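Some notes on the structure that comes next.
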Amino acid sequence: MNPKICIVGSANIDQISYVDTIPSDGETVFGDSYQMGFGGKGANQAVMAGLLGADVYMIACLGTDVYNKMTVDNLNNNNVNTDFIQTVNGSSGVAPIWVDKTGQNRIIVIPGANNLIDADTAIDSLSNIGPLDVVVGQFEIPLEVNEKVFEYARNNGVQTVLNPAPAGDVSEKLLNNTSWFIPNEVEFEEMLGEPFNENALLKHSKETKPEIIVTLGEKGCAEVSDGKVYIHQAKKVTAIDTTGAGDAFVGSFAYGLASKMSKQDSIQLALEKATNSVTKKGTQSSYKD
Ligand code: RIB
């Protein structure tokens with residue numbers, strides 16, 4: 001049987017401009033190219049897990065605009081079940097993104113329908129989906145939805161993965177129902193109150209209920225096993241576009257967990273998929289081999 005994963009989270013349309021150097025205040029610059037594609041941290045993670053072969057269910061909320069059908073078709077084309085997508089009047093989420101010549105990005109998310117996802121409908125959906133191996137959440141939808149979904153998941157014996165991106169308030173309730181907490185360095189500092197370093201990771205790993213894995217971009221990731229911090233290096237590549245690399249990591253890691261792979265093997269798979277994704281332009285389009 002395939003591993004079964006439910007991702008609860010955002011779906012956006014990414015509007016990516018590629019430019020040598022990001023403009024300064026008041027400056028106008030010419031870009032090199034532009035592409036529109038499918039994004040949103042939730043949808044990205046779902047597509048990554050779907051491409052790896054999991055049975056993936058997406059619980060998200062779209063608007064009544066042209067992006068609705070495009071997004072649903074795209075998810076279906078990438079092996080993601082869309083039976084539980086909600087729709088509300090108004091606009092779907094969009095994300096204008098700038099990527100510079102080093103592959104670094106700056107992202108603005110206009111949440112639109114993502115902010116209107118209904119928590120009780122999400123719980124009904126989970127109960128209709130039935131037994132799951134892993135539930136994944138991020139922070140591009142309201143906190144209350146993640147809280148209720150993770151509480152339901154843990155009460156039903158399902159492992160939960162929280163990717164607190166973009167950084168925001170996290171509640172005790174949510175953390176207590178989280179099995180795996182996966183911030184990047186910036187989110188680690190903003191949420192846990194001190195810069196990432198090995199001692200800080202060790203300290204928070206002792207104090208916090210979930211296991212913590214910190215993604216470190218081109219440096220790989222850090223985690224604690226048997227009371228010791230391990231840094232797992234990523235393969236060296238030339239980055240073209242880092243957009244969605246963190247989501248590739250989370251979606252692949254969730255696939256590994258759901259497939260009963262070890263933590264170490266899940267991390268290696270996640271690093272490999274995230275690293276591959278930065279060598280190509282686009283968000284979900286960079287996940288395909
Ligand atoms: O993590 C990358 C994603 O952040 C983009 O796809 C964008 O839509 C925002 O959600």
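Chain identifiers are assigned as A, B, and so on, following the order in which chains appear in the structure tokens; residues are numbered from 1 within each chain, and ligands are numbered from 1 in order of appearance.
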
Residues within 10 Å of ligand 1, counting only C-alpha atoms and all ligand atoms: report them as a ChimeraX atom specification. /A:9-16,37-45,93-97,105-111,138-140,165-166,242-248,282-284

Taking only residues of stretch 77-172 of chain A that have an atom at most 12 Å from an atom of stretch 58-62 of chain A, what is each one's shortest atom pair and its distance in Å to one decimal, using only C-alpha atoms, in chain and number order, as a tab-separated table?
residue	atom	partner	partner_atom	distance
A:Asn78	CA	A:Met58	CA	11.5
A:Asn79	CA	A:Met58	CA	10.4
A:Val80	CA	A:Met58	CA	6.6
A:Asn81	CA	A:Met58	CA	6.2
A:Thr82	CA	A:Met58	CA	5.9
A:Asp83	CA	A:Met58	CA	8.1
A:Phe84	CA	A:Ile59	CA	5.4
A:Ile85	CA	A:Ala60	CA	5.1
A:Gln86	CA	A:Cys61	CA	4.5
A:Thr87	CA	A:Leu62	CA	4.9
A:Val88	CA	A:Leu62	CA	6.4
A:Asn89	CA	A:Leu62	CA	8.6
A:Gly90	CA	A:Leu62	CA	8.4
A:Ser91	CA	A:Leu62	CA	7.3
A:Ser92	CA	A:Leu62	CA	4.8
A:Gly93	CA	A:Leu62	CA	7.3
A:Val94	CA	A:Leu62	CA	10.6
A:Pro111	CA	A:Leu62	CA	9.9
A:Gly112	CA	A:Leu62	CA	8.1
A:Ala113	CA	A:Leu62	CA	5.2
A:Asn114	CA	A:Cys61	CA	5.3
A:Asn115	CA	A:Cys61	CA	8.1
A:Leu116	CA	A:Cys61	CA	6.9
A:Ile117	CA	A:Cys61	CA	5.1
A:Asp118	CA	A:Cys61	CA	8.2
A:Ala119	CA	A:Ile59	CA	10.1
A:Asp120	CA	A:Ile59	CA	11.7
A:Thr121	CA	A:Ile59	CA	9.4
A:Ala122	CA	A:Ile59	CA	6.6
A:Ile123	CA	A:Ile59	CA	9.7
A:Asp124	CA	A:Ile59	CA	10.7
A:Ser125	CA	A:Ile59	CA	7.7
A:Leu126	CA	A:Ile59	CA	8.7
A:Asn128	CA	A:Ile59	CA	11.9
A:Ile129	CA	A:Met58	CA	10.4
A:Val135	CA	A:Met58	CA	10.0
A:Val136	CA	A:Met58	CA	9.8
A:Gly137	CA	A:Ile59	CA	10.0
A:Gln138	CA	A:Ala60	CA	11.5
A:Glu140	CA	A:Ala60	CA	10.4
A:Ile141	CA	A:Ala60	CA	8.8
A:Pro142	CA	A:Ala60	CA	11.5
A:Val145	CA	A:Ala60	CA	10.7
A:Asn146	CA	A:Ile59	CA	11.2
A:Val149	CA	A:Ile59	CA	10.4

Would you return as an MDAnalysis selection string the members of stretch 128-274 of chain A that DSSP assigns to alpha helix (DSSP H) on this structure's backbone? chainID A and resid 128:129 143:155 172:176 185:192 198:207 245:258 263:274

Please identify all polymer residues within 8 Å of stretch 265-270 of chain A, counting only C-alpha atoms, omitting same-chain residues fewer than 4 positions from it, and present them as a short mmCIF file (atom, residue, chain, number, x, y, z; two decimals) with N, CA and C atoms, in the first residue's frame.
data_model
loop_
_atom_site.label_atom_id
_atom_site.label_comp_id
_atom_site.auth_asym_id
_atom_site.auth_seq_id
_atom_site.Cartn_x
_atom_site.Cartn_y
_atom_site.Cartn_z
N ALA A 248 10.10 21.44 -0.76
CA ALA A 248 10.54 20.15 -1.30
C ALA A 248 11.08 19.30 -0.16
N PHE A 249 11.83 19.93 0.75
CA PHE A 249 12.39 19.20 1.90
C PHE A 249 11.25 18.62 2.75
N VAL A 250 10.28 19.48 3.10
CA VAL A 250 9.20 19.04 4.01
C VAL A 250 8.33 17.96 3.35
N GLY A 251 7.98 18.15 2.07
CA GLY A 251 7.15 17.16 1.38
C GLY A 251 7.85 15.82 1.27
N SER A 252 9.16 15.84 1.00
CA SER A 252 9.92 14.59 0.87
C SER A 252 10.11 13.94 2.24
N PHE A 253 10.38 14.76 3.25
CA PHE A 253 10.56 14.20 4.59
C PHE A 253 9.26 13.52 5.04
N ALA A 254 8.12 14.18 4.78
CA ALA A 254 6.82 13.58 5.15
C ALA A 254 6.62 12.27 4.40
N TYR A 255 7.03 12.23 3.13
CA TYR A 255 6.93 10.99 2.36
C TYR A 255 7.77 9.89 3.02
N GLY A 256 8.99 10.25 3.41
CA GLY A 256 9.87 9.27 4.07
C GLY A 256 9.25 8.72 5.33
N LEU A 257 8.76 9.62 6.18
CA LEU A 257 8.12 9.18 7.44
C LEU A 257 6.93 8.27 7.16
N MET A 261 10.33 4.99 6.48
CA MET A 261 11.79 5.10 6.38
C MET A 261 12.30 5.64 7.72
N ALA A 274 15.38 18.67 -2.14
CA ALA A 274 15.47 20.12 -1.98
C ALA A 274 16.65 20.66 -2.80
#

From the set A:Asn199, A:Thr71, A:Thr208, A:Asn184, which residue has the shortest atom-to-atom contact distance to A:Tyr230, counting only C-alpha atoms?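 Closest residue, counting only C-alpha atoms: A:Asn199.
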
Report the distance between atom CA of A:Ser262 and atom CA of A:Val278 in Å, rounded to one decimal place.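 Pair atom CA of A:Ser262 / atom CA of A:Val278 returns 24.8 Å.
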
Compare A:Cys221, A:Leu174, A:Val19, A:Leu162 by their minimum atom-to-atom distance to A:Glu147, counting only C-alpha atoms, and give me the closest one. A:Leu174

Two-atom distance - atom CA of A:Leu51, atom CA of A:Lys280 (Å): 16.2 Å

Just want the 9 Å neighbourhood of A:Gly31, counted on only C-alpha atoms, with same-chain residues fewer than 6 positions away dropped. Output as a ChimeraX atom specification. /A:17-21

Please, could you write that set of residues out with C-alpha atoms as a PDB file, in the first residue's frame?
ATOM      1  CA  SER A  17      10.420  37.737 -11.915  1.00  0.00           C
ATOM      2  CA  TYR A  18      14.056  36.834 -12.517  1.00  0.00           C
ATOM      3  CA  VAL A  19      16.415  39.798 -12.249  1.00  0.00           C
ATOM      4  CA  ASP A  20      20.180  40.274 -11.898  1.00  0.00           C
ATOM      5  CA  THR A  21      19.929  42.536  -8.894  1.00  0.00           C
TER       6      THR A  21
END

From a DSSP calculation on the backbone, collect every residue of stretch 49-129 of chain A in strand (DSSP E) and output the set as number ranges by chain. A: 55-59, 61-62, 80-81, 86-87, 93-99, 105-107

In Å, rounded to a single decimal, give me how far atom CA of A:Glu185 is from atom CA of A:Thr215. 6.6 Å

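Counting only C-alpha atoms, A:Pro210 has the following residues at most 6 Å away, ignoring those fewer than 5 positions along the same chain: Thr178, Ser179, Trp180 and Phe181 of chain A.
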